[in-house]
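Undergrad: Pasting in a structure now, in structure tokens, and then I'll have a few things to ask.
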Amino acid sequence: MENKLFFYNTLTRTVERFVPNEDGKVAMYTCGPTVYHFAHIGNLRSYIMEDLLEKTLRYIGYDVKRVMNITDVGHLSSDADTGEDKMLKGAKREHKTVMEIAKFYTDAFFSDCKKLNIKTPDVVEPATNCISEFIHMITKLIEKGFAYEAGGNIYFDTSKLEEYYVFSNQSEKELLVGVRDDVDEDENKRNKSDFVLWFTKSKFDDQELKWESPWGIGYPGWHIECSCISMKHLGEYMDIHCGGVDNIFPHHTNEIAQSESYLGHKWCNYWFHVHHLNDKSGKMSKSKGDFLTVSLLESKNYNPVVYRMFCLQSHYRKPLEFSYEVLDNMSAAYDKLVRRIGTLNRDGEIDGKKFAEYRERFEAALCDDLNSSMAITILYDMLKDEMNDATKYALAESFDEVLSLDLTTAHAMKEADKEVDAELEAFVLAKIEERKAAKKEKDFAKADAIRAELLAKGIVIEDTREGVKWKKA
Ligand code: AMP
Ligand code: ZN
């Protein structure tokens, strides 16, 4: 098939034509969440833009297999193998076991994804499912001379590689400074850039999850999980590996080092990285205490899909600053857009020529390094153009396969909600009148029963000086 998608490949530092290993098929891997806390909306920006990439690939005709890991072990608070274990930190904070924490936050992650219309990858694999695969890969790396044991841990020996800093034109010194803030030097390492494949001696004796291994009881390093999980499901050759820009170093650099040393050949051809979402004080992060979540946006009455639109309006390779002002404007624009589409008259014949013309323009925008804001502009252009409503509606439905903004369903849902609200209001007002009458006749038992009946339906009533008020509980 025609390979018409271009996007920025971090490995070659250029916008490149995407050509998969196998014609028409794409093997795609995404670094999944570390499930020790809720995902913040910065994390979710990465997953929204990766979802856009996957859906674009499908839209233009590729058969995609996408795999994602769940990090439920081994991710330390500094990506350079030091600091606290993130899962243990979550467990201590909430007085739960690590596995309880992992289950709770994995479910919360997928619930957020659903609200943002992010498709669940074809395969989702928790790291704790794959301990034998990690041990196998580490054993092979030791046999091949790429790994060594020191002080009870197994390290990858970066000096054995021809090129370690595959992604960056930064100097070794600069990169290490970035990673080693607040880090004590690990005396066991032969080279500063070496990293842990398996821990048996870590700083925390209270590590909850531990497994038998040829090197003693311990647990895997973080990087090894993505190499093993991707190979388990996608084989020895991968087309696209995704993540946020903070994953470039050391995580993805180390994934490449160990995977290619293990395989003896090139592993993944395209690396897709999404820039960060920042708040006014800088990069959003889970360790900052109060952070922005989908639930927080919902509690402020924002539709999560509006946040998706906010992300799509900006290019994935640009840092994006979050603000409620912009989200408010986006919310108003979204309501107007879905009302416009929802009130189109669907009867009539689709104009095939116009449909093809706009579909082509829409695809061209996405194929141009995923220009999602241009794709949305084409949607607006299309709605303004001379063509019948049925064609416009069909195009909006088609574009939504990629944009996933509920373009054709949101308006009807809102109207249905309004109808339900109107019915509920009529019911509650009638009950309030009935209660008033009961009280007048001094039938307090009946009045109380009415209050209880409403409460059972989630309605709270309050007697105030201005009369009876009601609200949803
Ligand atoms: P974590 O759960 O910390 O492993 O991160 C999950 C994903 O979110 C990774 O791909 C990170 O690169 C990405 N990420 C972390 N912080 C941000 C941010 N502020 N903006 C966008 N993506 C982020
Ligand atoms: Zn990863």
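Here, A, B, ... name the chains of the structure tokens in the order displayed, residue numbers run from 1 inside each chain, and ligands are numbered from 1 in the same displayed order.
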Within 8 Å of ligand 2, counting only C-alpha atoms and all ligand atoms, which protein or nucleic acid residues do you find, written as number ranges by chain?
TA: A: 30-32, 69, 222-223, 225-227, 243, 247, 251-252, 255
Undergrad: If you count only C-alpha atoms, which residues fall within 10 Å of A:Trp470, apart from same-chain ones fewer than 5 positions away, as JSON, numbers by chain?
TA: {"A": [425, 428, 429, 432, 454, 459, 460, 461, 462, 463]}
Undergrad: Rank A:Ala438, A:Leu11, A:Val294, A:Met68 by their smallest atom-to-atom distance to ligand 1, using only C-alpha atoms and all ligand atoms, and report the top residue only.
TA: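 When distances to ligand 1 are compared using only C-alpha atoms and all ligand atoms, the smallest one comes from A:Met68.
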Undergrad: Could you pull the residues within 6 Å of stretch 334-349 of chain A, counting only C-alpha atoms, minus those fewer than 2 positions along the same chain, as a PyMOL selection string?
TA: chain A and resi 330-332+389-390+407-408+411
Undergrad: Distance atom CA of A:Ser213-atom CA of A:Lys232, one decimal place?
TA: 19.4 Å
Undergrad: Hey, which residues sit close to ligand 1? Say within 6 Å, counting only C-alpha atoms and all ligand atoms, and write them as number ranges by chain.
TA: A: 31-34, 42-43, 45-46, 243-247, 275-278, 283-285
Undergrad: Check the DSSP output for the backbone and give back, as a PDB file with N, CA and C atoms, in the first residue's frame, the residues of stretch 178-372 of chain A in alpha helix (DSSP H).
TA:
```
ATOM      1  N   GLY A 178      21.528  15.928  33.892  1.00  0.00           N
ATOM      2  CA  GLY A 178      20.058  15.937  33.939  1.00  0.00           C
ATOM      3  C   GLY A 178      19.513  14.797  34.760  1.00  0.00           C
ATOM      4  N   VAL A 179      20.128  13.655  34.635  1.00  0.00           N
ATOM      5  CA  VAL A 179      19.590  12.468  35.281  1.00  0.00           C
ATOM      6  C   VAL A 179      20.020  12.369  36.730  1.00  0.00           C
ATOM      7  N   TRP A 222      13.445  -1.034  35.653  1.00  0.00           N
ATOM      8  CA  TRP A 222      12.277  -0.531  34.915  1.00  0.00           C
ATOM      9  C   TRP A 222      12.403  -0.753  33.403  1.00  0.00           C
ATOM     10  N   HIS A 223      13.608  -0.487  32.849  1.00  0.00           N
ATOM     11  CA  HIS A 223      13.746  -0.466  31.386  1.00  0.00           C
ATOM     12  C   HIS A 223      13.514  -1.826  30.744  1.00  0.00           C
ATOM     13  N   ILE A 224      13.915  -2.888  31.462  1.00  0.00           N
ATOM     14  CA  ILE A 224      13.862  -4.230  30.877  1.00  0.00           C
ATOM     15  C   ILE A 224      12.425  -4.630  30.530  1.00  0.00           C
ATOM     16  N   GLU A 225      11.467  -4.088  31.282  1.00  0.00           N
ATOM     17  CA  GLU A 225      10.086  -4.543  31.061  1.00  0.00           C
ATOM     18  C   GLU A 225       9.582  -4.185  29.666  1.00  0.00           C
ATOM     19  N   CYS A 226       9.927  -2.986  29.192  1.00  0.00           N
ATOM     20  CA  CYS A 226       9.383  -2.588  27.881  1.00  0.00           C
ATOM     21  C   CYS A 226      10.028  -3.392  26.755  1.00  0.00           C
ATOM     22  N   SER A 227      11.328  -3.693  26.896  1.00  0.00           N
ATOM     23  CA  SER A 227      11.982  -4.515  25.864  1.00  0.00           C
ATOM     24  C   SER A 227      11.312  -5.884  25.795  1.00  0.00           C
ATOM     25  N   CYS A 228      11.128  -6.506  26.956  1.00  0.00           N
ATOM     26  CA  CYS A 228      10.590  -7.877  26.980  1.00  0.00           C
ATOM     27  C   CYS A 228       9.124  -7.925  26.565  1.00  0.00           C
ATOM     28  N   ILE A 229       8.333  -6.996  27.083  1.00  0.00           N
ATOM     29  CA  ILE A 229       6.892  -7.047  26.792  1.00  0.00           C
ATOM     30  C   ILE A 229       6.636  -6.772  25.311  1.00  0.00           C
ATOM     31  N   SER A 230       7.395  -5.840  24.742  1.00  0.00           N
ATOM     32  CA  SER A 230       7.172  -5.573  23.315  1.00  0.00           C
ATOM     33  C   SER A 230       7.580  -6.782  22.480  1.00  0.00           C
ATOM     34  N   MET A 231       8.724  -7.404  22.805  1.00  0.00           N
ATOM     35  CA  MET A 231       9.163  -8.574  22.013  1.00  0.00           C
ATOM     36  C   MET A 231       8.222  -9.760  22.193  1.00  0.00           C
ATOM     37  N   LYS A 232       7.689  -9.894  23.397  1.00  0.00           N
ATOM     38  CA  LYS A 232       6.765 -11.005  23.662  1.00  0.00           C
ATOM     39  C   LYS A 232       5.565 -10.955  22.703  1.00  0.00           C
ATOM     40  N   HIS A 233       5.083  -9.742  22.440  1.00  0.00           N
ATOM     41  CA  HIS A 233       3.857  -9.631  21.642  1.00  0.00           C
ATOM     42  C   HIS A 233       4.072  -9.169  20.206  1.00  0.00           C
ATOM     43  N   LEU A 234       5.217  -8.535  19.945  1.00  0.00           N
ATOM     44  CA  LEU A 234       5.410  -7.987  18.589  1.00  0.00           C
ATOM     45  C   LEU A 234       6.583  -8.632  17.855  1.00  0.00           C
ATOM     46  N   THR A 253      16.609   5.081  25.645  1.00  0.00           N
ATOM     47  CA  THR A 253      18.015   4.853  25.304  1.00  0.00           C
ATOM     48  C   THR A 253      18.442   3.478  25.842  1.00  0.00           C
ATOM     49  N   ASN A 254      18.033   3.193  27.074  1.00  0.00           N
ATOM     50  CA  ASN A 254      18.403   1.908  27.688  1.00  0.00           C
ATOM     51  C   ASN A 254      17.636   0.741  27.073  1.00  0.00           C
ATOM     52  N   GLU A 255      16.391   1.004  26.699  1.00  0.00           N
ATOM     53  CA  GLU A 255      15.625  -0.056  26.014  1.00  0.00           C
ATOM     54  C   GLU A 255      16.341  -0.476  24.736  1.00  0.00           C
ATOM     55  N   ILE A 256      16.808   0.508  23.970  1.00  0.00           N
ATOM     56  CA  ILE A 256      17.494   0.190  22.706  1.00  0.00           C
ATOM     57  C   ILE A 256      18.786  -0.564  23.000  1.00  0.00           C
ATOM     58  N   ALA A 257      19.542  -0.070  23.990  1.00  0.00           N
ATOM     59  CA  ALA A 257      20.839  -0.705  24.312  1.00  0.00           C
ATOM     60  C   ALA A 257      20.639  -2.192  24.601  1.00  0.00           C
ATOM     61  N   GLN A 258      19.705  -2.509  25.495  1.00  0.00           N
ATOM     62  CA  GLN A 258      19.566  -3.913  25.895  1.00  0.00           C
ATOM     63  C   GLN A 258      18.873  -4.751  24.803  1.00  0.00           C
ATOM     64  N   SER A 259      17.876  -4.177  24.117  1.00  0.00           N
ATOM     65  CA  SER A 259      17.143  -4.952  23.099  1.00  0.00           C
ATOM     66  C   SER A 259      18.057  -5.308  21.933  1.00  0.00           C
ATOM     67  N   GLU A 260      18.813  -4.326  21.441  1.00  0.00           N
ATOM     68  CA  GLU A 260      19.647  -4.603  20.268  1.00  0.00           C
ATOM     69  C   GLU A 260      20.841  -5.482  20.627  1.00  0.00           C
ATOM     70  N   SER A 261      21.319  -5.379  21.857  1.00  0.00           N
ATOM     71  CA  SER A 261      22.414  -6.264  22.285  1.00  0.00           C
ATOM     72  C   SER A 261      21.906  -7.695  22.383  1.00  0.00           C
ATOM     73  N   TYR A 262      20.682  -7.830  22.853  1.00  0.00           N
ATOM     74  CA  TYR A 262      20.076  -9.153  22.992  1.00  0.00           C
ATOM     75  C   TYR A 262      19.784  -9.762  21.619  1.00  0.00           C
ATOM     76  N   LEU A 263      19.197  -8.925  20.735  1.00  0.00           N
ATOM     77  CA  LEU A 263      18.766  -9.444  19.427  1.00  0.00           C
ATOM     78  C   LEU A 263      19.921  -9.589  18.433  1.00  0.00           C
ATOM     79  N   VAL A 294      -8.403  14.019  35.419  1.00  0.00           N
ATOM     80  CA  VAL A 294      -9.677  14.059  34.695  1.00  0.00           C
ATOM     81  C   VAL A 294     -10.826  14.269  35.686  1.00  0.00           C
ATOM     82  N   SER A 295     -10.752  13.609  36.850  1.00  0.00           N
ATOM     83  CA  SER A 295     -11.841  13.774  37.827  1.00  0.00           C
ATOM     84  C   SER A 295     -11.940  15.215  38.300  1.00  0.00           C
ATOM     85  N   LEU A 296     -10.787  15.862  38.456  1.00  0.00           N
ATOM     86  CA  LEU A 296     -10.821  17.259  38.879  1.00  0.00           C
ATOM     87  C   LEU A 296     -11.530  18.111  37.814  1.00  0.00           C
ATOM     88  N   LEU A 297     -11.208  17.857  36.548  1.00  0.00           N
ATOM     89  CA  LEU A 297     -11.876  18.620  35.479  1.00  0.00           C
ATOM     90  C   LEU A 297     -13.383  18.356  35.512  1.00  0.00           C
ATOM     91  N   GLU A 298     -13.745  17.089  35.722  1.00  0.00           N
ATOM     92  CA  GLU A 298     -15.177  16.758  35.770  1.00  0.00           C
ATOM     93  C   GLU A 298     -15.872  17.455  36.937  1.00  0.00           C
ATOM     94  N   SER A 299     -15.160  17.506  38.080  1.00  0.00           N
ATOM     95  CA  SER A 299     -15.777  18.141  39.245  1.00  0.00           C
ATOM     96  C   SER A 299     -15.991  19.635  38.989  1.00  0.00           C
ATOM     97  N   PRO A 304     -14.619  15.836  29.719  1.00  0.00           N
ATOM     98  CA  PRO A 304     -13.235  15.426  29.435  1.00  0.00           C
ATOM     99  C   PRO A 304     -12.865  15.502  27.949  1.00  0.00           C
ATOM    100  N   VAL A 305     -13.859  15.305  27.085  1.00  0.00           N
ATOM    101  CA  VAL A 305     -13.577  15.352  25.645  1.00  0.00           C
ATOM    102  C   VAL A 305     -13.102  16.750  25.213  1.00  0.00           C
ATOM    103  N   VAL A 306     -13.518  17.770  25.965  1.00  0.00           N
ATOM    104  CA  VAL A 306     -13.048  19.130  25.671  1.00  0.00           C
ATOM    105  C   VAL A 306     -11.537  19.208  25.898  1.00  0.00           C
ATOM    106  N   TYR A 307     -11.046  18.480  26.906  1.00  0.00           N
ATOM    107  CA  TYR A 307      -9.591  18.443  27.120  1.00  0.00           C
ATOM    108  C   TYR A 307      -8.899  17.744  25.950  1.00  0.00           C
ATOM    109  N   ARG A 308      -9.545  16.714  25.407  1.00  0.00           N
ATOM    110  CA  ARG A 308      -8.974  16.050  24.224  1.00  0.00           C
ATOM    111  C   ARG A 308      -8.858  17.053  23.068  1.00  0.00           C
ATOM    112  N   MET A 309      -9.927  17.863  22.895  1.00  0.00           N
ATOM    113  CA  MET A 309      -9.903  18.851  21.816  1.00  0.00           C
ATOM    114  C   MET A 309      -8.796  19.885  22.063  1.00  0.00           C
ATOM    115  N   PHE A 310      -8.636  20.275  23.317  1.00  0.00           N
ATOM    116  CA  PHE A 310      -7.566  21.211  23.702  1.00  0.00           C
ATOM    117  C   PHE A 310      -6.205  20.649  23.262  1.00  0.00           C
ATOM    118  N   CYS A 311      -5.992  19.351  23.482  1.00  0.00           N
ATOM    119  CA  CYS A 311      -4.727  18.723  23.083  1.00  0.00           C
ATOM    120  C   CYS A 311      -4.603  18.660  21.565  1.00  0.00           C
ATOM    121  N   LEU A 312      -5.693  18.320  20.896  1.00  0.00           N
ATOM    122  CA  LEU A 312      -5.624  18.173  19.436  1.00  0.00           C
ATOM    123  C   LEU A 312      -5.401  19.507  18.736  1.00  0.00           C
ATOM    124  N   TYR A 324      -7.130  27.299  32.544  1.00  0.00           N
ATOM    125  CA  TYR A 324      -8.591  27.173  32.553  1.00  0.00           C
ATOM    126  C   TYR A 324      -9.236  28.145  31.562  1.00  0.00           C
ATOM    127  N   GLU A 325      -8.592  29.311  31.325  1.00  0.00           N
ATOM    128  CA  GLU A 325      -9.170  30.267  30.367  1.00  0.00           C
ATOM    129  C   GLU A 325      -9.278  29.623  28.999  1.00  0.00           C
ATOM    130  N   VAL A 326      -8.177  28.963  28.576  1.00  0.00           N
ATOM    131  CA  VAL A 326      -8.199  28.342  27.249  1.00  0.00           C
ATOM    132  C   VAL A 326      -9.219  27.194  27.235  1.00  0.00           C
ATOM    133  N   LEU A 327      -9.278  26.456  28.335  1.00  0.00           N
ATOM    134  CA  LEU A 327     -10.226  25.336  28.397  1.00  0.00           C
ATOM    135  C   LEU A 327     -11.674  25.848  28.330  1.00  0.00           C
ATOM    136  N   ASP A 328     -11.933  27.007  28.949  1.00  0.00           N
ATOM    137  CA  ASP A 328     -13.276  27.599  28.874  1.00  0.00           C
ATOM    138  C   ASP A 328     -13.637  27.949  27.434  1.00  0.00           C
ATOM    139  N   ASN A 329     -12.670  28.568  26.748  1.00  0.00           N
ATOM    140  CA  ASN A 329     -12.938  28.930  25.345  1.00  0.00           C
ATOM    141  C   ASN A 329     -13.173  27.676  24.501  1.00  0.00           C
ATOM    142  N   MET A 330     -12.378  26.655  24.797  1.00  0.00           N
ATOM    143  CA  MET A 330     -12.484  25.398  24.051  1.00  0.00           C
ATOM    144  C   MET A 330     -13.855  24.767  24.304  1.00  0.00           C
ATOM    145  N   SER A 331     -14.309  24.873  25.538  1.00  0.00           N
ATOM    146  CA  SER A 331     -15.593  24.303  25.919  1.00  0.00           C
ATOM    147  C   SER A 331     -16.727  24.973  25.128  1.00  0.00           C
ATOM    148  N   ALA A 332     -16.663  26.295  25.029  1.00  0.00           N
ATOM    149  CA  ALA A 332     -17.700  27.029  24.291  1.00  0.00           C
ATOM    150  C   ALA A 332     -17.643  26.660  22.807  1.00  0.00           C
ATOM    151  N   ALA A 333     -16.427  26.580  22.267  1.00  0.00           N
ATOM    152  CA  ALA A 333     -16.276  26.236  20.844  1.00  0.00           C
ATOM    153  C   ALA A 333     -16.789  24.821  20.589  1.00  0.00           C
ATOM    154  N   TYR A 334     -16.509  23.931  21.535  1.00  0.00           N
ATOM    155  CA  TYR A 334     -16.926  22.531  21.385  1.00  0.00           C
ATOM    156  C   TYR A 334     -18.457  22.422  21.362  1.00  0.00           C
ATOM    157  N   ASP A 335     -19.102  23.112  22.308  1.00  0.00           N
ATOM    158  CA  ASP A 335     -20.568  23.047  22.371  1.00  0.00           C
ATOM    159  C   ASP A 335     -21.191  23.543  21.066  1.00  0.00           C
ATOM    160  N   LYS A 336     -20.621  24.628  20.547  1.00  0.00           N
ATOM    161  CA  LYS A 336     -21.134  25.207  19.300  1.00  0.00           C
ATOM    162  C   LYS A 336     -20.934  24.225  18.143  1.00  0.00           C
ATOM    163  N   LEU A 337     -19.762  23.617  18.131  1.00  0.00           N
ATOM    164  CA  LEU A 337     -19.430  22.683  17.044  1.00  0.00           C
ATOM    165  C   LEU A 337     -20.360  21.472  17.047  1.00  0.00           C
ATOM    166  N   VAL A 338     -20.560  20.878  18.217  1.00  0.00           N
ATOM    167  CA  VAL A 338     -21.388  19.661  18.237  1.00  0.00           C
ATOM    168  C   VAL A 338     -22.879  19.981  18.029  1.00  0.00           C
ATOM    169  N   ARG A 339     -23.273  21.208  18.432  1.00  0.00           N
ATOM    170  CA  ARG A 339     -24.661  21.608  18.150  1.00  0.00           C
ATOM    171  C   ARG A 339     -24.862  21.737  16.639  1.00  0.00           C
ATOM    172  N   ARG A 340     -23.875  22.359  16.004  1.00  0.00           N
ATOM    173  CA  ARG A 340     -23.919  22.551  14.545  1.00  0.00           C
ATOM    174  C   ARG A 340     -24.031  21.189  13.841  1.00  0.00           C
ATOM    175  N   ILE A 341     -23.210  20.238  14.272  1.00  0.00           N
ATOM    176  CA  ILE A 341     -23.213  18.919  13.615  1.00  0.00           C
ATOM    177  C   ILE A 341     -24.475  18.138  13.994  1.00  0.00           C
ATOM    178  N   GLY A 342     -24.869  18.250  15.250  1.00  0.00           N
ATOM    179  CA  GLY A 342     -26.030  17.485  15.738  1.00  0.00           C
ATOM    180  C   GLY A 342     -27.349  17.927  15.129  1.00  0.00           C
ATOM    181  N   GLY A 352     -20.615  12.168  -3.279  1.00  0.00           N
ATOM    182  CA  GLY A 352     -19.391  11.356  -3.274  1.00  0.00           C
ATOM    183  C   GLY A 352     -18.138  12.153  -3.583  1.00  0.00           C
ATOM    184  N   LYS A 353     -18.274  13.134  -4.504  1.00  0.00           N
ATOM    185  CA  LYS A 353     -17.097  13.901  -4.922  1.00  0.00           C
ATOM    186  C   LYS A 353     -16.602  14.779  -3.756  1.00  0.00           C
ATOM    187  N   LYS A 354     -17.564  15.462  -3.140  1.00  0.00           N
ATOM    188  CA  LYS A 354     -17.205  16.332  -2.000  1.00  0.00           C
ATOM    189  C   LYS A 354     -16.637  15.493  -0.848  1.00  0.00           C
ATOM    190  N   PHE A 355     -17.271  14.364  -0.621  1.00  0.00           N
ATOM    191  CA  PHE A 355     -16.826  13.490   0.474  1.00  0.00           C
ATOM    192  C   PHE A 355     -15.361  13.098   0.253  1.00  0.00           C
ATOM    193  N   ALA A 356     -15.059  12.663  -0.949  1.00  0.00           N
ATOM    194  CA  ALA A 356     -13.689  12.215  -1.249  1.00  0.00           C
ATOM    195  C   ALA A 356     -12.701  13.386  -1.145  1.00  0.00           C
ATOM    196  N   GLU A 357     -13.141  14.536  -1.626  1.00  0.00           N
ATOM    197  CA  GLU A 357     -12.259  15.720  -1.612  1.00  0.00           C
ATOM    198  C   GLU A 357     -11.869  16.088  -0.166  1.00  0.00           C
ATOM    199  N   TYR A 358     -12.879  16.126   0.711  1.00  0.00           N
ATOM    200  CA  TYR A 358     -12.592  16.512   2.098  1.00  0.00           C
ATOM    201  C   TYR A 358     -11.859  15.421   2.865  1.00  0.00           C
ATOM    202  N   ARG A 359     -12.182  14.191   2.571  1.00  0.00           N
ATOM    203  CA  ARG A 359     -11.475  13.107   3.249  1.00  0.00           C
ATOM    204  C   ARG A 359      -9.990  13.165   2.885  1.00  0.00           C
ATOM    205  N   GLU A 360      -9.734  13.461   1.643  1.00  0.00           N
ATOM    206  CA  GLU A 360      -8.335  13.551   1.196  1.00  0.00           C
ATOM    207  C   GLU A 360      -7.610  14.697   1.904  1.00  0.00           C
ATOM    208  N   ARG A 361      -8.303  15.844   2.016  1.00  0.00           N
ATOM    209  CA  ARG A 361      -7.673  16.993   2.705  1.00  0.00           C
ATOM    210  C   ARG A 361      -7.406  16.671   4.170  1.00  0.00           C
ATOM    211  N   PHE A 362      -8.352  16.007   4.770  1.00  0.00           N
ATOM    212  CA  PHE A 362      -8.231  15.633   6.192  1.00  0.00           C
ATOM    213  C   PHE A 362      -7.047  14.668   6.376  1.00  0.00           C
ATOM    214  N   GLU A 363      -6.968  13.665   5.527  1.00  0.00           N
ATOM    215  CA  GLU A 363      -5.848  12.707   5.606  1.00  0.00           C
ATOM    216  C   GLU A 363      -4.521  13.411   5.373  1.00  0.00           C
ATOM    217  N   ALA A 364      -4.511  14.342   4.409  1.00  0.00           N
ATOM    218  CA  ALA A 364      -3.254  15.035   4.087  1.00  0.00           C
ATOM    219  C   ALA A 364      -2.750  15.812   5.306  1.00  0.00           C
ATOM    220  N   ALA A 365      -3.670  16.436   6.048  1.00  0.00           N
ATOM    221  CA  ALA A 365      -3.254  17.194   7.239  1.00  0.00           C
ATOM    222  C   ALA A 365      -2.643  16.243   8.268  1.00  0.00           C
ATOM    223  N   LEU A 366      -3.281  15.111   8.485  1.00  0.00           N
ATOM    224  CA  LEU A 366      -2.772  14.165   9.483  1.00  0.00           C
ATOM    225  C   LEU A 366      -1.454  13.542   9.030  1.00  0.00           C
ATOM    226  N   CYS A 367      -1.351  13.307   7.728  1.00  0.00           N
ATOM    227  CA  CYS A 367      -0.125  12.679   7.217  1.00  0.00           C
ATOM    228  C   CYS A 367       1.052  13.648   7.225  1.00  0.00           C
ATOM    229  N   SER A 372      -2.895  17.930  13.718  1.00  0.00           N
ATOM    230  CA  SER A 372      -4.270  17.736  14.186  1.00  0.00           C
ATOM    231  C   SER A 372      -5.059  19.035  14.207  1.00  0.00           C
TER     232      SER A 372
END
```
Undergrad: I need the residues of stretch 6-242 of chain A that end up classed as strand (DSSP E) by DSSP on the backbone, written out as number ranges by chain.
TA: A: 6-9, 14-17, 25-30, 63-70, 76-78, 82-85, 123-126, 147-150, 153-156, 195-199, 219-220, 238-242
Undergrad: Let's have the selection written as a tab-separated table (two decimals), in the first residue's frame, with C-alpha atoms.
TA:
```
chain	number	residue	atom	x	y	z
A	6	PHE	CA	5.17	11.43	7.57
A	7	PHE	CA	6.09	12.07	11.19
A	8	TYR	CA	9.09	13.08	13.25
A	9	ASN	CA	11.40	10.22	14.10
A	14	THR	CA	13.86	14.34	10.89
A	15	VAL	CA	10.29	14.21	9.67
A	16	GLU	CA	10.32	10.95	7.73
A	17	ARG	CA	8.04	8.93	5.52
A	25	LYS	CA	0.95	-3.78	8.97
A	26	VAL	CA	2.18	-1.79	11.96
A	27	ALA	CA	3.72	-3.13	15.16
A	28	MET	CA	3.40	-0.34	17.71
A	29	TYR	CA	4.42	-0.13	21.35
A	30	THR	CA	3.54	2.43	24.01
A	63	ASP	CA	-3.58	-2.98	10.21
A	64	VAL	CA	-2.17	-1.94	13.60
A	65	LYS	CA	-1.22	-4.11	16.55
A	66	ARG	CA	-0.56	-1.97	19.57
A	67	VAL	CA	0.93	-3.18	22.83
A	68	MET	CA	1.23	-1.33	26.14
A	69	ASN	CA	2.82	-2.32	29.44
A	70	ILE	CA	1.62	-1.43	32.90
A	76	LEU	CA	12.15	4.29	40.97
A	77	SER	CA	11.45	7.95	41.62
A	78	SER	CA	14.58	8.91	39.72
A	82	THR	CA	17.89	5.53	42.41
A	83	GLY	CA	15.39	7.10	44.75
A	84	GLU	CA	12.32	5.47	46.18
A	85	ASP	CA	10.30	2.73	44.55
A	123	VAL	CA	-2.53	-5.96	24.27
A	124	VAL	CA	-2.05	-4.57	27.79
A	125	GLU	CA	0.50	-6.43	29.90
A	126	PRO	CA	1.52	-5.70	33.51
A	147	ALA	CA	25.81	-7.46	31.57
A	148	TYR	CA	27.68	-8.05	34.82
A	149	GLU	CA	26.98	-8.75	38.46
A	150	ALA	CA	28.21	-6.29	41.06
A	153	ASN	CA	22.74	-6.41	41.30
A	154	ILE	CA	22.95	-7.07	37.58
A	155	TYR	CA	24.00	-4.10	35.46
A	156	PHE	CA	24.04	-3.46	31.74
A	195	PHE	CA	21.93	0.72	34.49
A	196	VAL	CA	20.31	-1.95	36.61
A	197	LEU	CA	18.65	-4.94	34.97
A	198	TRP	CA	17.92	-6.84	38.20
A	199	PHE	CA	18.09	-5.68	41.80
A	219	TYR	CA	13.06	-7.55	41.23
A	220	PRO	CA	13.60	-6.17	37.73
A	238	MET	CA	9.02	-3.19	15.80
A	239	ASP	CA	7.83	-0.28	13.70
A	240	ILE	CA	6.89	2.47	16.16
A	241	HIS	CA	7.73	2.98	19.82
A	242	CYS	CA	5.95	5.84	21.62
```
Undergrad: Have a look at atom CA of A:Glu453 and atom CA of A:Glu441 and let me know their distance in Å, one decimal.
TA: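 Going from atom CA of A:Glu453 over to atom CA of A:Glu441, I get 19.2 Å.
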Undergrad: Smallest atom-to-atom distance to A:Thr120: which of A:Thr97, A:Glu50, A:Gly458, A:Thr139, using only C-alpha atoms?
TA: A:Glu50
Undergrad: Choose the residue, out of A:Glu100, A:Leu53, A:Lys86, A:Tyr36, that has the smallest atom-to-atom separation from A:Asp368; count only C-alpha atoms.
TA: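 Under the stated criterion, the closest residue is A:Leu53.
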Undergrad: How many Å separate atom CA of A:Ser193 from atom CA of A:Gly221?
TA: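 Distance reported for this atom pair: 14.3 Å.
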Undergrad: So that I can check the surroundings of A:Leu383, please list as a PyMOL selection string every protein, DNA and RNA residue that reaches within 10 Å of it, counting only C-alpha atoms and ignoring chain neighbours fewer than 3 positions away.
TA: chain A and resi 337+340-341+344+377-380+386-389+391-393+395-396
Undergrad: Would you output that residue set with C-alpha atoms, as a compact mmCIF listing (two decimals), in the first residue's frame?
TA:
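Final output, saved to selection.txt:
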```txt
# COMPACT_ATOMS: atom_id res chain seq x y z
CA LEU A 337 -19.43 22.68 17.04
CA ARG A 340 -23.92 22.55 14.55
CA ILE A 341 -23.21 18.92 13.61
CA LEU A 344 -27.62 18.73 10.47
CA THR A 377 -9.68 23.48 10.65
CA ILE A 378 -10.65 21.25 7.71
CA LEU A 379 -13.64 20.07 9.71
CA TYR A 380 -14.74 23.70 10.19
CA GLU A 386 -21.53 24.38 -0.10
CA MET A 387 -22.80 20.83 0.16
CA ASN A 388 -25.86 19.15 1.57
CA ASP A 389 -26.21 18.34 5.27
CA THR A 391 -22.60 14.86 3.22
CA LYS A 392 -21.44 17.10 6.05
CA TYR A 393 -22.78 14.69 8.62
CA LEU A 395 -17.80 13.57 6.81
CA ALA A 396 -18.04 14.56 10.48
```
